[in-house]
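Reproduced below: coords_20.txt, with compact mmCIF, N, CA and C atoms.
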```txt
# COMPACT_ATOMS: atom_id res chain seq x y z
N LYS A 158 -5.22 33.67 8.18
CA LYS A 158 -5.97 32.78 9.06
C LYS A 158 -6.50 31.57 8.28
N THR A 159 -7.04 31.79 7.08
CA THR A 159 -7.58 30.71 6.27
C THR A 159 -6.48 29.72 5.88
N VAL A 160 -5.32 30.25 5.51
CA VAL A 160 -4.19 29.39 5.13
C VAL A 160 -3.75 28.55 6.32
N ALA A 161 -3.72 29.15 7.49
CA ALA A 161 -3.35 28.41 8.70
C ALA A 161 -4.35 27.30 9.00
N GLU A 162 -5.63 27.59 8.82
CA GLU A 162 -6.67 26.57 9.03
C GLU A 162 -6.53 25.43 8.03
N LEU A 163 -6.26 25.76 6.77
CA LEU A 163 -6.06 24.72 5.75
C LEU A 163 -4.82 23.88 6.06
N ASP A 164 -3.75 24.54 6.48
CA ASP A 164 -2.54 23.79 6.85
C ASP A 164 -2.81 22.85 8.03
N ALA A 165 -3.55 23.32 9.00
CA ALA A 165 -3.88 22.49 10.17
C ALA A 165 -4.73 21.29 9.76
N LYS A 166 -5.71 21.54 8.89
CA LYS A 166 -6.55 20.44 8.41
C LYS A 166 -5.73 19.44 7.60
N ARG A 167 -4.85 19.93 6.74
CA ARG A 167 -4.00 19.06 5.93
C ARG A 167 -3.09 18.22 6.83
N SER A 168 -2.52 18.85 7.85
CA SER A 168 -1.65 18.14 8.78
C SER A 168 -2.43 17.06 9.54
N LYS A 169 -3.63 17.40 9.96
CA LYS A 169 -4.48 16.43 10.67
C LYS A 169 -4.84 15.27 9.76
N ASP A 170 -5.24 15.56 8.51
CA ASP A 170 -5.59 14.52 7.55
C ASP A 170 -4.39 13.61 7.26
N ASP A 171 -3.21 14.21 7.10
CA ASP A 171 -2.00 13.42 6.84
C ASP A 171 -1.68 12.51 8.02
N ALA A 172 -1.82 13.02 9.22
CA ALA A 172 -1.56 12.22 10.42
C ALA A 172 -2.55 11.05 10.51
N GLU A 173 -3.81 11.30 10.21
CA GLU A 173 -4.81 10.23 10.23
C GLU A 173 -4.51 9.18 9.16
N ARG A 174 -4.11 9.63 7.97
CA ARG A 174 -3.78 8.70 6.89
C ARG A 174 -2.57 7.85 7.28
N ARG A 175 -1.54 8.48 7.84
CA ARG A 175 -0.36 7.72 8.27
C ARG A 175 -0.72 6.72 9.37
N SER A 176 -1.62 7.10 10.25
CA SER A 176 -2.07 6.20 11.31
C SER A 176 -2.80 4.98 10.71
N ARG A 177 -3.67 5.23 9.73
CA ARG A 177 -4.37 4.12 9.07
C ARG A 177 -3.39 3.21 8.33
N GLN A 178 -2.40 3.82 7.66
CA GLN A 178 -1.39 3.03 6.96
C GLN A 178 -0.59 2.17 7.94
N GLN A 179 -0.24 2.76 9.08
CA GLN A 179 0.53 2.01 10.08
C GLN A 179 -0.29 0.85 10.63
N ALA A 180 -1.58 1.07 10.89
CA ALA A 180 -2.45 0.01 11.39
C ALA A 180 -2.56 -1.12 10.36
N ALA A 181 -2.70 -0.76 9.10
CA ALA A 181 -2.81 -1.77 8.04
C ALA A 181 -1.49 -2.52 7.87
N THR A 182 -0.37 -1.83 7.96
CA THR A 182 0.94 -2.47 7.84
C THR A 182 1.15 -3.44 8.99
N THR A 183 0.79 -3.04 10.19
CA THR A 183 0.90 -3.92 11.36
C THR A 183 0.03 -5.15 11.17
N PHE A 184 -1.20 -4.95 10.72
CA PHE A 184 -2.10 -6.08 10.46
C PHE A 184 -1.51 -7.03 9.43
N LEU A 185 -0.98 -6.48 8.33
CA LEU A 185 -0.42 -7.32 7.27
C LEU A 185 0.79 -8.10 7.77
N LYS A 186 1.63 -7.49 8.58
CA LYS A 186 2.79 -8.20 9.15
C LYS A 186 2.32 -9.31 10.07
N GLU A 187 1.35 -9.03 10.93
CA GLU A 187 0.81 -10.06 11.83
C GLU A 187 0.21 -11.21 11.03
N PHE A 188 -0.53 -10.89 9.97
CA PHE A 188 -1.13 -11.92 9.12
C PHE A 188 -0.04 -12.77 8.47
N PHE A 189 0.99 -12.13 7.96
CA PHE A 189 2.09 -12.87 7.34
C PHE A 189 2.78 -13.78 8.36
N ASP A 190 3.15 -13.22 9.52
CA ASP A 190 3.88 -13.98 10.54
C ASP A 190 3.06 -15.13 11.11
N ALA A 191 1.77 -14.91 11.34
CA ALA A 191 0.94 -15.92 11.99
C ALA A 191 0.30 -16.91 11.02
N ASP A 192 -0.02 -16.47 9.80
CA ASP A 192 -0.81 -17.32 8.92
C ASP A 192 -0.10 -17.76 7.64
N LEU A 193 0.72 -16.90 7.06
CA LEU A 193 1.34 -17.25 5.78
C LEU A 193 2.68 -17.95 5.94
N ALA A 194 3.59 -17.35 6.67
CA ALA A 194 4.94 -17.91 6.80
C ALA A 194 4.94 -19.34 7.35
N PRO A 195 4.17 -19.63 8.40
CA PRO A 195 4.21 -20.99 8.93
C PRO A 195 3.25 -21.98 8.25
N SER A 196 2.52 -21.55 7.23
CA SER A 196 1.48 -22.38 6.64
C SER A 196 2.03 -23.61 5.92
N LYS A 197 1.74 -24.77 6.46
CA LYS A 197 2.13 -26.03 5.83
C LYS A 197 1.32 -26.26 4.56
N SER A 198 0.06 -25.85 4.56
CA SER A 198 -0.80 -26.03 3.38
C SER A 198 -0.25 -25.29 2.17
N LEU A 199 0.18 -24.05 2.38
CA LEU A 199 0.75 -23.28 1.26
C LEU A 199 2.04 -23.93 0.77
N LYS A 200 2.90 -24.30 1.69
CA LYS A 200 4.17 -24.92 1.31
C LYS A 200 3.94 -26.23 0.56
N ASP A 201 3.01 -27.05 1.06
CA ASP A 201 2.72 -28.34 0.41
C ASP A 201 2.21 -28.15 -1.02
N ARG A 202 1.58 -27.02 -1.30
CA ARG A 202 1.03 -26.75 -2.63
C ARG A 202 1.96 -25.87 -3.48
N GLY A 203 3.17 -25.64 -2.97
CA GLY A 203 4.17 -24.91 -3.74
C GLY A 203 4.04 -23.40 -3.75
N VAL A 204 3.24 -22.85 -2.84
CA VAL A 204 3.06 -21.40 -2.78
C VAL A 204 4.10 -20.81 -1.83
N GLN A 205 4.85 -19.83 -2.31
CA GLN A 205 5.84 -19.15 -1.49
C GLN A 205 5.34 -17.75 -1.17
N ALA A 206 5.62 -17.30 0.04
CA ALA A 206 5.18 -15.97 0.48
C ALA A 206 6.38 -15.16 0.96
N ALA A 207 6.37 -13.88 0.61
CA ALA A 207 7.42 -12.96 1.06
C ALA A 207 6.76 -11.65 1.49
N PHE A 208 7.32 -11.05 2.54
CA PHE A 208 6.79 -9.78 3.07
C PHE A 208 7.95 -8.80 3.14
N ASP A 209 7.74 -7.57 2.60
CA ASP A 209 8.83 -6.59 2.58
C ASP A 209 8.55 -5.35 3.44
N GLY A 210 7.56 -5.42 4.29
CA GLY A 210 7.27 -4.29 5.16
C GLY A 210 6.01 -3.54 4.77
N LYS A 211 5.63 -3.57 3.51
CA LYS A 211 4.41 -2.92 3.02
C LYS A 211 3.60 -3.84 2.12
N ARG A 212 4.26 -4.86 1.58
CA ARG A 212 3.61 -5.75 0.61
C ARG A 212 3.91 -7.21 0.94
N THR A 213 2.93 -8.05 0.62
CA THR A 213 3.13 -9.49 0.68
C THR A 213 2.94 -10.01 -0.74
N LEU A 214 3.91 -10.79 -1.19
CA LEU A 214 3.85 -11.39 -2.52
C LEU A 214 3.78 -12.89 -2.37
N LEU A 215 2.75 -13.48 -2.98
CA LEU A 215 2.62 -14.93 -3.00
C LEU A 215 2.82 -15.40 -4.43
N THR A 216 3.66 -16.40 -4.59
CA THR A 216 3.93 -16.93 -5.92
C THR A 216 3.96 -18.46 -5.87
N LYS A 217 3.85 -19.03 -7.05
CA LYS A 217 3.94 -20.47 -7.20
C LYS A 217 5.04 -20.73 -8.24
N PRO A 218 6.31 -20.72 -7.82
CA PRO A 218 7.44 -20.78 -8.75
C PRO A 218 7.43 -21.97 -9.70
N GLU A 219 6.92 -23.11 -9.27
CA GLU A 219 6.96 -24.28 -10.13
C GLU A 219 6.08 -24.14 -11.37
N GLU A 220 5.18 -23.16 -11.38
CA GLU A 220 4.35 -22.95 -12.56
C GLU A 220 5.06 -22.11 -13.60
N GLY A 221 6.26 -21.64 -13.29
CA GLY A 221 7.06 -20.92 -14.27
C GLY A 221 6.87 -19.42 -14.24
N VAL A 222 7.55 -18.76 -15.16
CA VAL A 222 7.58 -17.30 -15.19
C VAL A 222 6.25 -16.69 -15.61
N TYR A 223 5.38 -17.46 -16.23
CA TYR A 223 4.10 -16.91 -16.70
C TYR A 223 2.99 -17.07 -15.68
N ALA A 224 3.27 -17.72 -14.56
CA ALA A 224 2.27 -17.89 -13.51
C ALA A 224 1.98 -16.53 -12.87
N GLU A 225 0.73 -16.28 -12.59
CA GLU A 225 0.35 -15.00 -12.00
C GLU A 225 0.45 -15.07 -10.48
N GLY A 226 1.29 -14.22 -9.93
CA GLY A 226 1.42 -14.14 -8.48
C GLY A 226 0.28 -13.33 -7.89
N MET A 227 0.30 -13.22 -6.60
CA MET A 227 -0.73 -12.45 -5.89
C MET A 227 -0.02 -11.47 -4.97
N MET A 228 -0.42 -10.20 -5.04
CA MET A 228 0.17 -9.19 -4.20
C MET A 228 -0.88 -8.60 -3.27
N ILE A 229 -0.53 -8.54 -1.99
CA ILE A 229 -1.37 -7.93 -0.97
C ILE A 229 -0.60 -6.71 -0.47
N VAL A 230 -1.19 -5.53 -0.62
CA VAL A 230 -0.48 -4.30 -0.27
C VAL A 230 -1.31 -3.40 0.63
N VAL A 231 -0.61 -2.49 1.28
CA VAL A 231 -1.26 -1.42 2.04
C VAL A 231 -1.41 -0.25 1.09
N GLY A 232 -2.65 0.18 0.88
CA GLY A 232 -2.93 1.28 -0.04
C GLY A 232 -2.62 2.64 0.55
N GLU A 233 -2.73 3.64 -0.28
CA GLU A 233 -2.41 5.03 0.08
C GLU A 233 -3.21 5.53 1.28
N GLN A 234 -4.46 5.12 1.39
CA GLN A 234 -5.32 5.59 2.49
C GLN A 234 -5.34 4.63 3.67
N GLY A 235 -4.52 3.56 3.62
CA GLY A 235 -4.47 2.60 4.72
C GLY A 235 -5.37 1.41 4.52
N GLU A 236 -5.88 1.23 3.32
CA GLU A 236 -6.72 0.07 3.02
C GLU A 236 -5.84 -1.11 2.61
N ILE A 237 -6.41 -2.30 2.66
CA ILE A 237 -5.72 -3.50 2.20
C ILE A 237 -6.20 -3.76 0.77
N ASP A 238 -5.25 -3.84 -0.16
CA ASP A 238 -5.55 -4.12 -1.56
C ASP A 238 -5.00 -5.50 -1.93
N VAL A 239 -5.82 -6.27 -2.61
CA VAL A 239 -5.41 -7.60 -3.07
C VAL A 239 -5.51 -7.62 -4.58
N SER A 240 -4.36 -7.76 -5.23
CA SER A 240 -4.30 -7.80 -6.69
C SER A 240 -5.11 -6.67 -7.32
N GLY A 241 -4.97 -5.47 -6.78
CA GLY A 241 -5.62 -4.29 -7.34
C GLY A 241 -7.04 -4.03 -6.87
N ARG A 242 -7.57 -4.88 -6.01
CA ARG A 242 -8.94 -4.71 -5.51
C ARG A 242 -8.90 -4.43 -4.02
N SER A 243 -9.62 -3.41 -3.58
CA SER A 243 -9.59 -3.00 -2.18
C SER A 243 -10.52 -3.83 -1.32
N LEU A 244 -10.00 -4.28 -0.17
CA LEU A 244 -10.84 -4.95 0.82
C LEU A 244 -11.30 -3.96 1.88
N GLY A 245 -10.78 -2.76 1.85
CA GLY A 245 -11.18 -1.73 2.79
C GLY A 245 -10.15 -1.52 3.89
N LEU A 246 -10.49 -0.60 4.78
CA LEU A 246 -9.62 -0.25 5.89
C LEU A 246 -9.62 -1.35 6.94
N VAL A 247 -8.57 -1.38 7.75
CA VAL A 247 -8.46 -2.35 8.83
C VAL A 247 -8.76 -1.65 10.14
N TYR A 248 -9.82 -2.07 10.79
CA TYR A 248 -10.18 -1.55 12.11
C TYR A 248 -9.99 -2.67 13.12
N ALA A 249 -9.72 -2.31 14.36
CA ALA A 249 -9.48 -3.32 15.40
C ALA A 249 -10.63 -4.31 15.50
N LYS A 250 -11.86 -3.83 15.33
CA LYS A 250 -13.03 -4.70 15.50
C LYS A 250 -13.23 -5.68 14.35
N ASP A 251 -12.62 -5.43 13.19
CA ASP A 251 -12.86 -6.33 12.06
C ASP A 251 -11.60 -6.99 11.51
N LYS A 252 -10.58 -7.14 12.35
CA LYS A 252 -9.35 -7.80 11.90
C LYS A 252 -9.62 -9.24 11.46
N GLU A 253 -10.46 -9.94 12.21
CA GLU A 253 -10.77 -11.33 11.85
C GLU A 253 -11.50 -11.40 10.51
N VAL A 254 -12.36 -10.44 10.25
CA VAL A 254 -13.08 -10.39 8.97
C VAL A 254 -12.08 -10.20 7.82
N ARG A 255 -11.15 -9.26 7.98
CA ARG A 255 -10.13 -9.01 6.94
C ARG A 255 -9.26 -10.25 6.73
N LYS A 256 -8.91 -10.89 7.84
CA LYS A 256 -8.09 -12.10 7.76
C LYS A 256 -8.82 -13.19 6.97
N LYS A 257 -10.09 -13.39 7.25
CA LYS A 257 -10.87 -14.40 6.52
C LYS A 257 -11.01 -14.03 5.05
N GLU A 258 -11.18 -12.73 4.77
CA GLU A 258 -11.26 -12.28 3.37
C GLU A 258 -9.95 -12.55 2.64
N LEU A 259 -8.83 -12.28 3.29
CA LEU A 259 -7.53 -12.54 2.67
C LEU A 259 -7.33 -14.03 2.41
N ILE A 260 -7.68 -14.86 3.36
CA ILE A 260 -7.55 -16.31 3.18
C ILE A 260 -8.43 -16.78 2.04
N ALA A 261 -9.65 -16.28 1.96
CA ALA A 261 -10.54 -16.65 0.85
C ALA A 261 -9.96 -16.21 -0.49
N GLU A 262 -9.36 -15.03 -0.55
CA GLU A 262 -8.75 -14.55 -1.79
C GLU A 262 -7.58 -15.44 -2.20
N ILE A 263 -6.77 -15.85 -1.24
CA ILE A 263 -5.62 -16.72 -1.52
C ILE A 263 -6.09 -18.08 -2.02
N ILE A 264 -7.07 -18.64 -1.35
CA ILE A 264 -7.62 -19.94 -1.76
C ILE A 264 -8.16 -19.84 -3.18
N SER A 265 -8.91 -18.81 -3.46
CA SER A 265 -9.50 -18.63 -4.79
C SER A 265 -8.41 -18.41 -5.85
N HIS A 266 -7.45 -17.55 -5.57
CA HIS A 266 -6.42 -17.21 -6.54
C HIS A 266 -5.58 -18.43 -6.95
N PHE A 267 -5.20 -19.22 -5.95
CA PHE A 267 -4.33 -20.36 -6.23
C PHE A 267 -5.10 -21.68 -6.37
N SER A 268 -6.42 -21.62 -6.38
CA SER A 268 -7.28 -22.81 -6.51
C SER A 268 -6.86 -23.89 -5.51
N LEU A 269 -6.79 -23.51 -4.26
CA LEU A 269 -6.36 -24.46 -3.22
C LEU A 269 -7.52 -25.27 -2.68
```

Could I get this file's structure written as structure tokens?
Amino acid sequence: KTVAELDAKRSKDDAERRSRQQAATTFLKEFFDADLAPSKSLKDRGVQAAFDGKRTLLTKPEEGVYAEGMMIVVGEQGEIDVSGRSLGLVYAKDKEVRKKELIAEIISHFSL
């Protein structure tokens, strides 16, 4: 009985984690499609963005191979991580807050 309860709890926790990851991935794709890909400001300043389904990579190729890029990823628990620092989970009520935090991080990172 105890093993069955632990298995049920583990299954429930895994399902919740996958749900959080999916929500964060959807948010990151929406952010990329709506804000990064069409951004004239980023293009004018030489910043290129790519999204592979779980990660967004921003680079400035003209600065050469030693320039530090910026990676935005969906973490293991469904949080948004920017260059190794967590911004937290994405909830429907705070999508705009996360979006503003990401924009601020990009501006700061690339000194825009």

Calculate how many Å separate atom CA of A:Arg212 from atom CA of A:Ile229, rounding to one decimal.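 Straight-line distance from atom CA of A:Arg212 to atom CA of A:Ile229 works out to 5.7 Å.
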
For A:Ser176, the nearest of the candidates A:Glu258, A:Arg242, A:Ser198, A:Gly235, counting all atoms listed in the file: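 For A:Ser176, the nearest of the given residues is A:Gly235.
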
Quick one, how far is atom N of A:Ala206 from atom C of A:Met228?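 Atom-to-atom, atom N of A:Ala206 and atom C of A:Met228 are spaced 11.4 Å apart.
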
If we count only N, CA and C atoms and set the cut-off at 8 Å, which residues sit around A:Thr183, ignoring sequence neighbours fewer than 6 positions away in its own chain? Please answer as a short mmCIF file (atom, residue, chain, number, x, y, z; two decimals) with N, CA and C atoms, keeping the file's coordinate frame.
```cif
data_model
loop_
_atom_site.label_atom_id
_atom_site.label_comp_id
_atom_site.auth_asym_id
_atom_site.auth_seq_id
_atom_site.Cartn_x
_atom_site.Cartn_y
_atom_site.Cartn_z
N ARG A 177 -3.67 5.23 9.73
CA ARG A 177 -4.37 4.12 9.07
C ARG A 177 -3.39 3.21 8.33
N PHE A 189 0.99 -12.13 7.96
CA PHE A 189 2.09 -12.87 7.34
C PHE A 189 2.78 -13.78 8.36
N GLY A 210 7.56 -5.42 4.29
CA GLY A 210 7.27 -4.29 5.16
C GLY A 210 6.01 -3.54 4.77
#
```

Kindly indicate which residue among A:Leu163, A:Thr182, A:Val239, A:Asp209 lies nearest to A:Glu262, using only N, CA and C atoms for the distances. A:Val239

Point-to-point distance in Å for atom CA of A:Gln179 and atom CA of A:Thr216: 25.0 Å

Non-local contacts of A:Val204 (6.5 Å; only N, CA and C atoms; under 2 positions in same chain excluded) as a PyMOL selection string: chain A and resi 199-202+206+215-218

DSSP strand (DSSP E) residues within stretch 172-257 of chain A, listed as a list in words: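 Those in stretch 172-257 of chain A that DSSP calls strand (DSSP E) are Gln205, Ala206, Ala207, Phe208, Arg212, Thr213, Leu214, Leu215, Thr216, Met227, Met228, Ile229, Val230, Val231, Glu236, Ile237, Asp238, Val239, Arg242, Ser243, Leu244, Gly245 and Leu246 of chain A.
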
Near A:Glu233, within 9 Å and counting only C-alpha atoms, which residues show up once chain neighbours fewer than 6 positions away are dropped, as number ranges by chain? A: 174-175, 178

Fewer than 6 positions away in the same chain doesn't count, so skip those; otherwise give me all residues within 8 Å of A:His266, counting only N, CA and C atoms, as a short mmCIF file (atom, residue, chain, number, x, y, z; two decimals) with N, CA and C atoms, keeping the file's coordinate frame.
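Result went into around.cif, see below:
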```cif
data_model
loop_
_atom_site.label_atom_id
_atom_site.label_comp_id
_atom_site.auth_asym_id
_atom_site.auth_seq_id
_atom_site.Cartn_x
_atom_site.Cartn_y
_atom_site.Cartn_z
N GLU A 225 0.73 -16.28 -12.59
CA GLU A 225 0.35 -15.00 -12.00
C GLU A 225 0.45 -15.07 -10.48
N GLY A 226 1.29 -14.22 -9.93
CA GLY A 226 1.42 -14.14 -8.48
C GLY A 226 0.28 -13.33 -7.89
N MET A 227 0.30 -13.22 -6.60
CA MET A 227 -0.73 -12.45 -5.89
C MET A 227 -0.02 -11.47 -4.97
N ILE A 260 -7.68 -14.86 3.36
CA ILE A 260 -7.55 -16.31 3.18
C ILE A 260 -8.43 -16.78 2.04
#
```

How big is the axis-aligned box around the listed atoms of stretch 184-198 of chain A once 8 Å is added on each side, and where is its centre? Give both in Å to one decimal, as JSON.
```
{"center_x": 1.4, "center_y": -15.6, "center_z": 7.1, "size_x": 23.0, "size_y": 37.3, "size_z": 25.8}
```

Judged by all atoms listed in the file, the minimum distance to A:Val247 among A:Ala165, A:Leu193, A:Ser265, A:Gln234 is found for A:Gln234

Under the rule that only N, CA and C atoms are counted, which of A:Asp251, A:Phe188, A:Ala181, A:Lys211 is the nearest residue to A:Glu236? A:Ala181

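The nearest approach to A:Val231 among the residues A:Leu185, A:Arg255, A:Ile263, A:Thr159, with all atoms listed in the file taken into account, belongs to A:Leu185.
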